[in-house]
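Raw protein_9.cif, mmCIF, C-alpha atoms:
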```
data_coords
loop_
_atom_site.label_atom_id
_atom_site.label_comp_id
_atom_site.auth_asym_id
_atom_site.auth_seq_id
_atom_site.Cartn_x
_atom_site.Cartn_y
_atom_site.Cartn_z
CA MET A 1 -68.05 -15.13 -37.64
CA SER A 2 -66.90 -12.83 -40.43
CA LYS A 3 -63.58 -11.00 -40.21
CA ARG A 4 -63.02 -7.31 -40.80
CA ALA A 5 -60.26 -6.41 -43.23
CA VAL A 6 -58.22 -3.40 -42.17
CA ILE A 7 -55.69 -1.22 -43.93
CA VAL A 8 -52.44 -1.33 -41.99
CA ALA A 9 -50.17 0.75 -44.22
CA GLY A 10 -49.54 1.93 -47.74
CA ALA A 11 -46.45 2.90 -49.70
CA ARG A 12 -45.87 4.22 -53.19
CA THR A 13 -43.13 5.35 -55.45
CA PRO A 14 -42.99 9.05 -56.16
CA PHE A 15 -45.05 9.63 -59.29
CA VAL A 16 -43.08 11.07 -62.23
CA ARG A 17 -43.84 12.15 -65.76
CA ALA A 18 -43.68 9.36 -68.34
CA PHE A 19 -40.48 9.06 -70.38
CA THR A 20 -38.35 10.67 -67.66
CA ASP A 21 -36.77 9.13 -64.55
CA TYR A 22 -38.54 5.75 -64.63
CA THR A 23 -38.15 5.04 -68.33
CA ARG A 24 -35.90 2.03 -67.59
CA MET A 25 -38.34 0.66 -65.01
CA ASP A 26 -41.34 -1.22 -66.36
CA SER A 27 -44.59 -1.80 -64.47
CA ILE A 28 -43.20 -4.92 -62.77
CA ASP A 29 -40.05 -3.08 -61.63
CA LEU A 30 -42.18 -0.28 -60.22
CA ALA A 31 -44.47 -2.78 -58.49
CA ASP A 32 -41.49 -4.58 -56.97
CA THR A 33 -40.16 -1.27 -55.69
CA ALA A 34 -43.43 -0.28 -54.03
CA VAL A 35 -44.02 -3.66 -52.38
CA ARG A 36 -40.40 -3.97 -51.24
CA GLY A 37 -40.60 -0.53 -49.68
CA LEU A 38 -43.89 -1.37 -47.98
CA LEU A 39 -42.42 -4.51 -46.43
CA GLU A 40 -39.32 -2.65 -45.27
CA ARG A 41 -41.30 0.17 -43.71
CA THR A 42 -43.70 -2.11 -41.87
CA GLY A 43 -41.11 -4.70 -40.88
CA LEU A 44 -43.40 -7.47 -42.06
CA PRO A 45 -41.47 -10.70 -42.79
CA LYS A 46 -41.64 -11.69 -46.45
CA THR A 47 -42.90 -15.13 -45.55
CA ASP A 48 -46.01 -13.68 -43.89
CA VAL A 49 -47.58 -12.38 -47.11
CA GLN A 50 -50.18 -14.94 -48.16
CA ALA A 51 -51.47 -13.38 -51.39
CA ILE A 52 -51.14 -10.39 -53.68
CA VAL A 53 -53.77 -8.70 -55.83
CA TRP A 54 -52.43 -6.17 -58.32
CA GLY A 55 -54.01 -3.74 -60.72
CA GLY A 56 -52.69 -2.62 -64.07
CA VAL A 57 -53.83 -1.20 -67.38
CA ILE A 58 -50.79 -1.37 -69.66
CA LEU A 59 -49.91 -4.97 -68.85
CA PRO A 60 -46.60 -6.43 -70.07
CA SER A 61 -47.46 -9.06 -72.67
CA ALA A 62 -44.67 -11.41 -71.60
CA ALA A 63 -45.81 -11.48 -67.95
CA PRO A 64 -49.28 -9.98 -67.52
CA ASN A 65 -49.87 -11.49 -64.07
CA ILE A 66 -47.81 -8.83 -62.29
CA ALA A 67 -48.97 -9.97 -58.84
CA ARG A 68 -47.26 -13.32 -59.16
CA GLU A 69 -44.13 -11.75 -60.64
CA ILE A 70 -43.85 -9.53 -57.55
CA ALA A 71 -43.94 -12.57 -55.27
CA LEU A 72 -41.25 -14.29 -57.33
CA ASP A 73 -39.02 -11.25 -57.74
CA LEU A 74 -39.07 -10.39 -54.04
CA GLN A 75 -38.65 -14.03 -53.04
CA LEU A 76 -41.76 -14.13 -50.91
CA ASP A 77 -43.01 -17.48 -49.69
CA PRO A 78 -43.28 -19.76 -52.76
CA GLY A 79 -46.91 -20.37 -51.86
CA CYS A 80 -47.81 -16.67 -51.97
CA GLU A 81 -50.74 -16.60 -54.38
CA GLY A 82 -51.23 -13.74 -56.80
CA TYR A 83 -53.57 -12.49 -59.48
CA THR A 84 -53.84 -9.31 -61.51
CA VAL A 85 -56.97 -7.29 -62.24
CA THR A 86 -57.59 -4.73 -64.94
CA ARG A 87 -60.53 -2.33 -64.75
CA ALA A 88 -58.99 0.67 -66.53
CA CYS A 89 -58.30 3.55 -64.11
CA ALA A 90 -60.24 1.79 -61.34
CA SER A 91 -57.82 -1.16 -61.36
CA GLY A 92 -55.97 -0.12 -58.21
CA LEU A 93 -59.16 0.27 -56.19
CA GLN A 94 -60.46 -3.01 -57.59
CA ALA A 95 -57.29 -4.76 -56.40
CA VAL A 96 -57.56 -3.35 -52.88
CA VAL A 97 -61.25 -4.13 -52.37
CA SER A 98 -60.74 -7.61 -53.86
CA ALA A 99 -58.11 -8.24 -51.20
CA ALA A 100 -60.39 -6.88 -48.49
CA ALA A 101 -63.20 -9.15 -49.66
CA ALA A 102 -60.91 -12.20 -49.65
CA ILE A 103 -59.82 -11.46 -46.08
CA GLU A 104 -63.39 -10.94 -44.94
CA ARG A 105 -64.38 -14.26 -46.53
CA GLY A 106 -61.67 -15.91 -44.43
CA GLU A 107 -59.40 -16.89 -47.33
CA TYR A 108 -56.33 -15.05 -46.01
CA ASP A 109 -55.17 -12.96 -43.06
CA ILE A 110 -52.37 -10.95 -44.64
CA MET A 111 -52.45 -9.58 -48.20
CA ILE A 112 -50.85 -6.89 -50.30
CA ALA A 113 -52.81 -5.09 -53.00
CA GLY A 114 -52.09 -2.17 -55.26
CA GLY A 115 -51.29 -1.25 -58.81
CA SER A 116 -48.69 0.10 -61.19
CA ASP A 117 -48.32 1.36 -64.71
CA SER A 118 -45.46 2.50 -66.90
CA THR A 119 -46.64 4.53 -69.84
CA SER A 120 -42.97 4.81 -70.76
CA ASN A 121 -42.94 1.08 -71.46
CA ALA A 122 -46.22 0.76 -73.28
CA GLU A 123 -45.75 -1.77 -76.06
CA VAL A 124 -46.17 -0.45 -79.57
CA LYS A 125 -48.63 -2.71 -81.36
CA LEU A 126 -47.81 -3.94 -84.82
CA PRO A 127 -50.56 -3.56 -87.42
CA GLN A 128 -52.67 -6.72 -87.57
CA LYS A 129 -51.78 -7.03 -91.24
CA VAL A 130 -48.16 -7.64 -90.19
CA VAL A 131 -49.15 -10.02 -87.39
CA HIS A 132 -51.31 -12.15 -89.67
CA ALA A 133 -48.59 -12.40 -92.30
CA ALA A 134 -45.61 -12.87 -90.00
CA ALA A 135 -47.01 -15.09 -87.22
CA PRO A 136 -46.93 -18.32 -89.30
CA LEU A 137 -43.28 -17.58 -90.11
CA ALA A 138 -42.33 -16.99 -86.49
CA LEU A 139 -44.33 -19.84 -84.98
CA GLY A 140 -44.02 -22.53 -87.63
CA LYS A 141 -41.36 -24.09 -89.83
CA PRO A 142 -41.59 -21.90 -92.92
CA LYS A 143 -40.32 -22.77 -96.33
CA ALA A 144 -39.14 -20.37 -99.01
CA LYS A 145 -42.57 -20.13 -100.59
CA ASP A 146 -44.09 -19.13 -97.22
CA TYR A 147 -41.91 -16.01 -97.15
CA LEU A 148 -43.10 -15.06 -100.61
CA SER A 149 -46.69 -15.62 -99.54
CA ALA A 150 -46.20 -13.40 -96.48
CA ALA A 151 -44.67 -10.65 -98.58
CA ALA A 152 -47.60 -10.79 -100.96
CA GLN A 153 -50.04 -10.36 -98.05
CA LEU A 154 -48.26 -7.22 -96.90
CA ALA A 155 -48.55 -5.41 -100.22
CA PRO A 156 -49.30 -2.55 -100.57
CA PHE A 157 -46.85 -1.53 -97.84
CA ILE A 158 -48.28 1.88 -96.96
CA ASP A 159 -50.01 0.77 -93.72
CA LEU A 160 -47.18 -1.23 -92.12
CA VAL A 161 -45.84 1.50 -89.85
CA PRO A 162 -46.89 1.06 -86.17
CA ARG A 163 -49.40 3.68 -85.13
CA ARG A 164 -49.19 5.89 -82.08
CA PRO A 165 -51.49 4.52 -79.34
CA LYS A 166 -54.33 6.77 -78.19
CA ILE A 167 -56.28 6.87 -74.94
CA GLU A 168 -59.63 6.43 -76.60
CA GLU A 169 -62.75 4.37 -76.26
CA ARG A 170 -62.66 1.22 -78.38
CA THR A 171 -66.41 1.29 -78.96
CA THR A 172 -66.78 4.97 -79.85
CA GLY A 173 -63.31 6.17 -80.85
CA GLU A 174 -63.75 9.12 -78.51
CA VAL A 175 -60.52 10.34 -76.91
CA MET A 176 -60.74 10.91 -73.15
CA GLY A 177 -60.05 14.62 -73.50
CA GLU A 178 -62.93 14.88 -75.93
CA SER A 179 -65.12 13.18 -73.35
CA ALA A 180 -64.08 15.75 -70.75
CA GLU A 181 -64.88 18.58 -73.17
CA LYS A 182 -68.33 17.15 -73.75
CA MET A 183 -68.98 16.82 -70.02
CA ALA A 184 -67.89 20.40 -69.39
CA GLY A 185 -70.50 21.56 -71.90
CA ILE A 186 -73.27 19.40 -70.45
CA HIS A 187 -72.65 20.46 -66.84
CA GLY A 188 -71.72 24.08 -67.44
CA VAL A 189 -68.14 23.80 -66.23
CA SER A 190 -66.20 26.82 -67.46
CA ARG A 191 -62.53 27.08 -68.43
CA ALA A 192 -62.00 29.44 -65.49
CA ALA A 193 -63.46 26.91 -63.04
CA GLN A 194 -61.21 24.18 -64.45
CA ASP A 195 -58.07 26.29 -64.16
CA GLU A 196 -58.98 27.35 -60.64
CA PHE A 197 -59.49 23.71 -59.67
CA ALA A 198 -56.17 22.68 -61.26
CA ALA A 199 -54.26 25.43 -59.48
CA ARG A 200 -55.81 24.40 -56.18
CA SER A 201 -54.84 20.77 -56.84
CA HIS A 202 -51.19 21.77 -57.32
CA HIS A 203 -51.14 24.07 -54.32
CA ARG A 204 -52.68 21.49 -52.03
CA ALA A 205 -50.35 18.74 -53.23
CA ALA A 206 -47.35 21.04 -52.76
CA ALA A 207 -48.53 21.91 -49.25
CA ALA A 208 -48.95 18.22 -48.43
CA ILE A 209 -45.40 17.49 -49.59
CA GLU A 210 -43.87 20.39 -47.67
CA SER A 211 -45.81 19.62 -44.48
CA GLY A 212 -44.68 15.99 -44.48
CA ARG A 213 -48.23 14.73 -45.07
CA PHE A 214 -46.93 12.26 -47.68
CA ASP A 215 -43.87 11.12 -45.76
CA ASP A 216 -45.69 8.05 -44.47
CA GLU A 217 -46.53 6.87 -47.98
CA VAL A 218 -43.93 8.08 -50.48
CA LEU A 219 -40.76 5.99 -50.78
CA SER A 220 -37.27 6.93 -51.86
CA VAL A 221 -36.53 5.26 -55.20
CA THR A 222 -33.14 4.80 -56.82
CA THR A 223 -33.40 4.36 -60.58
CA PRO A 224 -31.23 1.95 -62.61
CA GLU A 225 -29.13 4.96 -63.59
CA GLY A 226 -28.44 5.69 -59.91
CA LYS A 227 -30.68 8.75 -59.56
CA ARG A 228 -32.54 9.04 -56.25
CA ILE A 229 -36.18 10.14 -56.46
CA VAL A 230 -37.73 11.23 -53.16
CA ARG A 231 -40.85 13.22 -54.07
CA ASP A 232 -43.56 13.45 -56.71
CA GLY A 233 -42.17 15.07 -59.81
CA LEU A 234 -45.23 16.65 -61.40
CA VAL A 235 -46.43 19.02 -58.69
CA ARG A 236 -45.97 22.69 -59.61
CA PRO A 237 -46.09 24.84 -56.44
CA GLY A 238 -45.64 28.04 -58.42
CA THR A 239 -48.47 27.56 -60.89
CA SER A 240 -51.33 30.02 -60.90
CA ILE A 241 -54.73 30.52 -62.48
CA GLU A 242 -53.15 33.16 -64.72
CA LYS A 243 -50.43 30.78 -65.95
CA LEU A 244 -52.95 28.02 -66.57
CA ALA A 245 -55.25 30.41 -68.41
CA SER A 246 -52.47 31.08 -70.95
CA LEU A 247 -52.40 27.46 -72.16
CA ALA A 248 -54.09 26.52 -75.40
CA PRO A 249 -56.90 23.94 -75.47
CA VAL A 250 -55.83 20.51 -76.68
CA PHE A 251 -58.94 18.61 -77.77
CA ALA A 252 -61.14 21.27 -79.40
CA LYS A 253 -60.35 24.54 -81.17
CA ASN A 254 -62.38 26.64 -78.77
CA GLY A 255 -62.32 24.09 -75.99
CA THR A 256 -61.59 24.31 -72.27
CA VAL A 257 -59.40 21.26 -71.57
CA THR A 258 -55.66 21.98 -71.59
CA ALA A 259 -52.47 20.21 -70.59
CA GLY A 260 -52.63 22.23 -67.36
CA ASN A 261 -56.07 21.15 -66.18
CA ALA A 262 -55.73 17.48 -67.16
CA SER A 263 -53.77 14.65 -65.56
CA PRO A 264 -50.41 13.99 -67.29
CA LEU A 265 -49.06 10.66 -68.52
CA THR A 266 -47.33 9.20 -65.47
CA ASP A 267 -45.25 6.27 -64.25
CA GLY A 268 -45.53 4.88 -60.73
CA ALA A 269 -46.76 2.21 -58.34
CA SER A 270 -48.67 2.07 -55.07
CA ALA A 271 -49.10 -0.81 -52.60
CA VAL A 272 -51.40 -1.36 -49.62
CA LEU A 273 -50.99 -3.82 -46.75
CA LEU A 274 -54.26 -5.34 -45.55
CA MET A 275 -54.87 -7.78 -42.71
CA SER A 276 -57.73 -9.20 -40.76
CA GLU A 277 -58.19 -6.94 -37.76
CA ASP A 278 -57.45 -9.74 -35.31
CA LYS A 279 -54.20 -10.61 -37.07
CA ALA A 280 -53.10 -6.98 -37.27
CA ARG A 281 -53.59 -6.45 -33.55
CA ALA A 282 -51.96 -9.79 -32.69
CA LEU A 283 -48.86 -8.76 -34.67
CA GLY A 284 -48.75 -5.34 -33.03
CA TYR A 285 -49.89 -3.25 -36.02
CA THR A 286 -52.26 -0.31 -35.67
CA PRO A 287 -55.17 -0.53 -38.13
CA LEU A 288 -55.76 2.74 -39.95
CA ALA A 289 -59.07 2.24 -41.73
CA ALA A 290 -61.52 -0.30 -43.11
CA PHE A 291 -64.00 -0.38 -45.97
CA ARG A 292 -67.56 0.31 -44.99
CA SER A 293 -68.78 -0.20 -48.56
CA TRP A 294 -67.83 -0.04 -52.21
CA SER A 295 -69.65 0.20 -55.52
CA PHE A 296 -68.72 -0.36 -59.16
CA VAL A 297 -71.09 0.75 -61.91
CA SER A 298 -71.07 1.29 -65.67
CA VAL A 299 -72.69 3.86 -67.93
CA ASP A 300 -73.11 4.03 -71.69
CA PRO A 301 -69.80 5.29 -73.15
CA ARG A 302 -71.75 7.05 -75.89
CA ASP A 303 -73.26 9.31 -73.23
CA GLN A 304 -70.68 10.63 -70.72
CA VAL A 305 -67.97 8.02 -70.39
CA LEU A 306 -66.39 9.61 -67.28
CA ILE A 307 -69.54 10.42 -65.28
CA GLY A 308 -69.70 7.02 -63.52
CA PRO A 309 -68.66 8.30 -60.05
CA ALA A 310 -71.83 10.42 -59.95
CA ILE A 311 -73.66 7.09 -59.74
CA SER A 312 -71.18 4.89 -57.87
CA MET A 313 -70.59 7.43 -55.09
CA PRO A 314 -74.27 7.67 -54.09
CA ARG A 315 -74.56 3.89 -54.26
CA ALA A 316 -71.54 3.45 -52.00
CA LEU A 317 -73.12 5.91 -49.56
CA ASP A 318 -76.41 3.99 -49.66
CA LYS A 319 -74.62 0.69 -48.98
CA ALA A 320 -72.86 2.30 -46.03
CA GLY A 321 -76.15 3.69 -44.70
CA MET A 322 -74.79 7.22 -44.94
CA SER A 323 -75.43 10.54 -46.64
CA LEU A 324 -72.95 12.97 -48.14
CA ALA A 325 -73.34 15.16 -45.06
CA ASP A 326 -71.91 12.34 -42.93
CA ILE A 327 -68.61 12.26 -44.87
CA ASP A 328 -65.49 14.05 -43.63
CA PHE A 329 -63.32 13.78 -46.77
CA VAL A 330 -64.20 13.29 -50.44
CA ASP A 331 -61.44 12.15 -52.79
CA ILE A 332 -62.26 12.09 -56.51
CA HIS A 333 -59.78 10.99 -59.17
CA GLU A 334 -58.87 13.99 -61.27
CA ALA A 335 -58.58 12.59 -64.78
CA PHE A 336 -59.51 16.11 -65.88
CA ALA A 337 -60.66 19.10 -63.88
CA ALA A 338 -63.67 19.17 -66.22
CA GLN A 339 -64.60 15.58 -65.35
CA THR A 340 -64.18 16.06 -61.59
CA LEU A 341 -66.22 19.25 -61.55
CA SER A 342 -68.89 17.62 -63.73
CA VAL A 343 -69.26 14.85 -61.15
CA VAL A 344 -69.53 17.49 -58.42
CA GLU A 345 -72.24 19.32 -60.38
CA ALA A 346 -74.18 16.12 -61.08
CA LEU A 347 -74.21 15.19 -57.40
CA ALA A 348 -75.60 18.63 -56.58
CA SER A 349 -78.31 18.42 -59.26
CA ASP A 350 -81.93 17.55 -58.49
CA ASP A 351 -82.43 16.72 -62.15
CA TRP A 352 -79.52 14.23 -62.10
CA ALA A 353 -80.96 12.67 -58.95
CA LYS A 354 -84.37 12.21 -60.53
CA THR A 355 -83.27 10.99 -63.97
CA ARG A 356 -80.22 8.88 -63.07
CA LEU A 357 -80.45 7.96 -59.39
CA ASP A 358 -84.20 7.47 -58.88
CA ARG A 359 -84.17 10.05 -56.09
CA ASP A 360 -86.32 13.09 -55.49
CA THR A 361 -83.50 15.38 -54.41
CA ALA A 362 -79.82 15.85 -55.10
CA VAL A 363 -77.13 13.87 -53.29
CA GLY A 364 -75.65 17.17 -52.16
CA ARG A 365 -73.06 19.83 -52.83
CA ILE A 366 -69.52 18.76 -51.85
CA ASP A 367 -67.75 21.25 -49.60
CA PRO A 368 -64.56 22.33 -51.46
CA ASP A 369 -62.67 22.23 -48.16
CA LYS A 370 -63.39 18.48 -47.94
CA LEU A 371 -62.66 17.68 -51.60
CA ASN A 372 -59.22 16.37 -52.60
CA VAL A 373 -57.61 17.95 -49.56
CA HIS A 374 -54.09 16.99 -50.68
CA GLY A 375 -54.53 17.46 -54.40
CA GLY A 376 -55.15 14.71 -56.90
CA SER A 377 -54.25 13.30 -60.27
CA VAL A 378 -54.00 16.65 -62.05
CA SER A 379 -51.08 17.62 -59.82
CA LEU A 380 -49.72 14.31 -58.54
CA GLY A 381 -50.04 12.42 -61.81
CA HIS A 382 -51.96 9.32 -62.78
CA PRO A 383 -50.22 5.96 -63.31
CA PHE A 384 -53.43 4.27 -64.40
CA GLY A 385 -53.31 1.16 -62.23
CA ALA A 386 -51.80 2.87 -59.19
CA THR A 387 -54.17 5.77 -58.57
CA GLY A 388 -56.86 3.85 -56.68
CA ALA A 389 -54.33 2.42 -54.22
CA ARG A 390 -52.79 5.88 -53.81
CA MET A 391 -56.17 7.33 -52.90
CA VAL A 392 -56.88 4.55 -50.39
CA THR A 393 -53.48 5.06 -48.73
CA THR A 394 -53.76 8.84 -48.54
CA MET A 395 -57.27 8.78 -47.13
CA ALA A 396 -56.52 5.98 -44.63
CA ASN A 397 -53.55 7.98 -43.36
CA GLU A 398 -55.59 11.18 -43.21
CA LEU A 399 -58.41 9.57 -41.23
CA HIS A 400 -55.92 8.12 -38.77
CA ARG A 401 -53.95 11.37 -38.50
CA THR A 402 -56.91 13.70 -38.02
CA GLY A 403 -59.23 11.46 -36.05
CA LYS A 404 -61.99 12.11 -38.59
CA SER A 405 -64.40 9.27 -39.27
CA THR A 406 -65.08 8.68 -42.96
CA ALA A 407 -63.86 9.30 -46.52
CA LEU A 408 -65.69 8.81 -49.81
CA LEU A 409 -63.68 7.87 -52.90
CA GLY A 410 -64.74 8.22 -56.53
CA ILE A 411 -62.93 7.11 -59.69
CA CYS A 412 -63.93 7.35 -63.35
CA ALA A 413 -62.56 4.82 -65.81
CA ALA A 414 -62.61 3.93 -69.48
CA GLY A 415 -65.57 1.94 -70.70
CA GLY A 416 -67.98 4.08 -68.72
CA ILE A 417 -66.94 2.66 -65.35
CA GLY A 418 -67.50 4.40 -62.03
CA ALA A 419 -65.83 3.07 -58.88
CA SER A 420 -66.34 4.25 -55.32
CA ALA A 421 -65.75 3.25 -51.74
CA VAL A 422 -66.43 4.49 -48.23
CA LEU A 423 -63.51 4.24 -45.82
CA GLU A 424 -63.99 4.47 -42.08
CA ARG A 425 -61.36 5.07 -39.44
CA VAL A 426 -60.64 2.08 -37.20
#
```

Kindly transcribe the structure held in the file into structure tokens.
Amino acid sequence: MSKRAVIVAGARTPFVRAFTDYTRMDSIDLADTAVRGLLERTGLPKTDVQAIVWGGVILPSAAPNIAREIALDLQLDPGCEGYTVTRACASGLQAVVSAAAAIERGEYDIMIAGGSDSTSNAEVKLPQKVVHAAAPLALGKPKAKDYLSAAAQLAPFIDLVPRRPKIEERTTGEVMGESAEKMAGIHGVSRAAQDEFAARSHHRAAAAIESGRFDDEVLSVTTPEGKRIVRDGLVRPGTSIEKLASLAPVFAKNGTVTAGNASPLTDGASAVLLMSEDKARALGYTPLAAFRSWSFVSVDPRDQVLIGPAISMPRALDKAGMSLADIDFVDIHEAFAAQTLSVVEALASDDWAKTRLDRDTAVGRIDPDKLNVHGGSVSLGHPFGATGARMVTTMANELHRTGKSTALLGICAAGGIGASAVLERV
């Protein structure tokens, strides 16, 4: 008999702008903080955690398997297994559903999954010309002539300076903001609509913070410098459509995407505690939600690299045997307001349904009152590997708190990936 995996709790660090309060905390430090806080809040003994699945995008080269490092750092049971997944911005959701699948296959009864990223600690890559010349010196037993040979390989020296990393597609060279601009043009998403959406994201996130909606998930974090961080640092309660409209476009001269209607570079971590339903009830925990389905898809990055959720969301609904009308909450990752609104427009389009989904009619128009009810990545920030786990935690809590039945998640990711899941209240 198969088991049902349930979400018992979630906890995350406050999300803060990169190169600010968490600069001295790398992605492993942030992960440790989130998991430690989750264990403390739930009262789960360290020795009970059987496995960890973790998501990350900017992985530390010296210890890329963050999941296992968490187990070692927090002195969990030595047998606590761990592996790390990377699926661009869908990494956190991938980690959580991988854990759910493992529990439902009967591999484990208690797991932690989540994700973290520290843009502040992204490693600056040396030019390959330097690597090729210097590696034999560093890894071998060089002689004097080897140093001369290496120096000769480096000449001319004009391209030896490390280059600033960009968030761009490897296959196309397209920067994500350029992708969002292109999508806005294709789907008719105006600058005004983007700014209105961004303002609403900030206002809803601010309302969630003030109402205590996030108290169950956001931890208090003390930085290495001794500063205490208790709430998300990027939310701007006082922003307005007028203020956002004054910002200049970033990716095109006459474009629509600005720093105000795009997600900022962010540091943070989010962790989710999952158990088999029987184990959770036996230990006295109240299950919040379970996965009814999930779907991961890919599209051609040369087309619309961030449109994937407009395919993965309908597929997740189909797997769950549901329609959009059956869903109580829709939570879409806000990489850019332009991208989120483009997904919304595609789902409402009969033409999209016919050409991309093999359907006769549109999936449906998402009710704005059901969409991103507590804000999203534009206001809260987007630590790449953590966002999926944040969304799962927020929606599981919201289903449990309101008594509503279902939530549909959608995440776009580099490489043309779309990731979605249907959560149901337990």

Using all atoms listed in the file, which residue out of A:Ala90, A:Leu371, A:Ile28, A:Ala122 lies closest to Ile167 of chain A?
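Closest to Ile167 of chain A of all the choices is A:Ala122.
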
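Distances to Leu76 of chain A were evaluated for A:Ile103, A:Pro45, A:Thr340, A:Ala88 using only C-alpha atoms, and the minimum falls at A:Pro45.
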
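Once the PyMOL selection byres ((chain A and resi 319) around 10) is applied to the depicted file, the selected set reads Arg292, Ser293, Trp294, Ser295, Met313, Pro314, Arg315, Ala316, Leu317, Asp318, Ala320, Gly321, Met322, Ala421 and Val422 of chain A.
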
If the PyMOL selection byres ((chain A and resi 65) around 9) is run on the structure shown, which residues does it catch, given as a VMD selection string?
chain A and resid 54 59 to 60 63 to 64 66 to 69 82 to 85

Contacts of Ala252 of chain A within 8 Å, all atoms listed in the file, excl. fewer than 4 positions in-chain, as a ChimeraX atom specification:
/A:178,181,256

What does the distance from atom CA of Thr402 of chain A to atom CA of Phe291 of chain A come to in Å, to one decimal?
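These atoms are spaced 17.7 Å apart.
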
Atomic separation - atom CA of Gly10 of chain A relative to atom CA of Leu39 of chain A, Å
9.7 Å

Nearest to Ile112 of chain A by atom-to-atom distance, counting all atoms listed in the file, from A:Ala11, A:Ala206, A:Ala271, A:Ile229
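That would be A:Ala271, the residue with the smallest distance to Ile112 of chain A.
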
Interatomic distance between atom CA of Arg401 of chain A and atom CA of Leu273 of chain A?
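Separating atom CA of Arg401 of chain A from atom CA of Leu273 of chain A is a distance of 17.5 Å.
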
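Ranking A:Leu247, A:Val330, A:Val57, A:Ala269 by their shortest atom-to-atom distance to Ala113 of chain A, with only C-alpha atoms included, puts A:Ala269 first.
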
Evaluate the PyMOL selection byres ((chain A and resi 347) around 10) here and jot the selected residues down as a ChimeraX atom specification.
/A:309-311,313-314,324,341-346,348-353,357,361-366

Here is a test: counting only C-alpha atoms, which residue of A:Met176, A:Lys129, A:Arg228, A:Ala198 is nearest to Val250 of chain A?
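Looking only at the distances to Val250 of chain A, the closest residue turns out to be A:Met176.
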
Find the residues around Ile241 of chain A up to 9 Å (all atoms listed in the file counted), leave out those fewer than 6 positions away in its own chain, and share them as a PyMOL selection string.
chain A and resi 192+195-200

Which polymer residues have any atom within 9 Å of an atom of Met391 of chain A, counting only C-alpha atoms, with same-chain residues fewer than 5 positions away left out, as a list in words?
Leu93, Asp331, Ile332, His333, Gly376, Ala386, Ala396 and Leu409 of chain A

Selection export as a PDB file, keeping the file's coordinate frame, atoms kept: C-alpha atoms:
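Saved result, selection_36.pdb, follows:
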```
ATOM      1  CA  LEU A  93     -59.160   0.270 -56.190  1.00  0.00           C
ATOM      2  CA  ASP A 331     -61.440  12.150 -52.790  1.00  0.00           C
ATOM      3  CA  ILE A 332     -62.260  12.090 -56.510  1.00  0.00           C
ATOM      4  CA  HIS A 333     -59.780  10.990 -59.170  1.00  0.00           C
ATOM      5  CA  GLY A 376     -55.150  14.710 -56.900  1.00  0.00           C
ATOM      6  CA  ALA A 386     -51.800   2.870 -59.190  1.00  0.00           C
ATOM      7  CA  ALA A 396     -56.520   5.980 -44.630  1.00  0.00           C
ATOM      8  CA  LEU A 409     -63.680   7.870 -52.900  1.00  0.00           C
TER       9      LEU A 409
END
```

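The residue that comes closest to Arg12 of chain A, out of A:Asp369, A:Thr387, A:Ala205, A:Ala71 and on the basis of all atoms listed in the file, is A:Thr387.
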
Residues near segment 377-379 of chain A, anyone? I mean within 10 Å using all atoms listed in the file, not counting same-chain ones fewer than 4 positions away, as a ChimeraX atom specification.
/A:15,197-206,232-237,259-264,266,332-337,372,383-384,387,390-391

Give me the residues within 12 Å of Ser179 of chain A as an MDAnalysis selection string, counting all atoms listed in the file and dropping any in the same chain fewer than 3 places off.
chainID A and resid 167:169 172:176 182:186 251:252 255:257 301:307 335:336 338:339 342 412:416
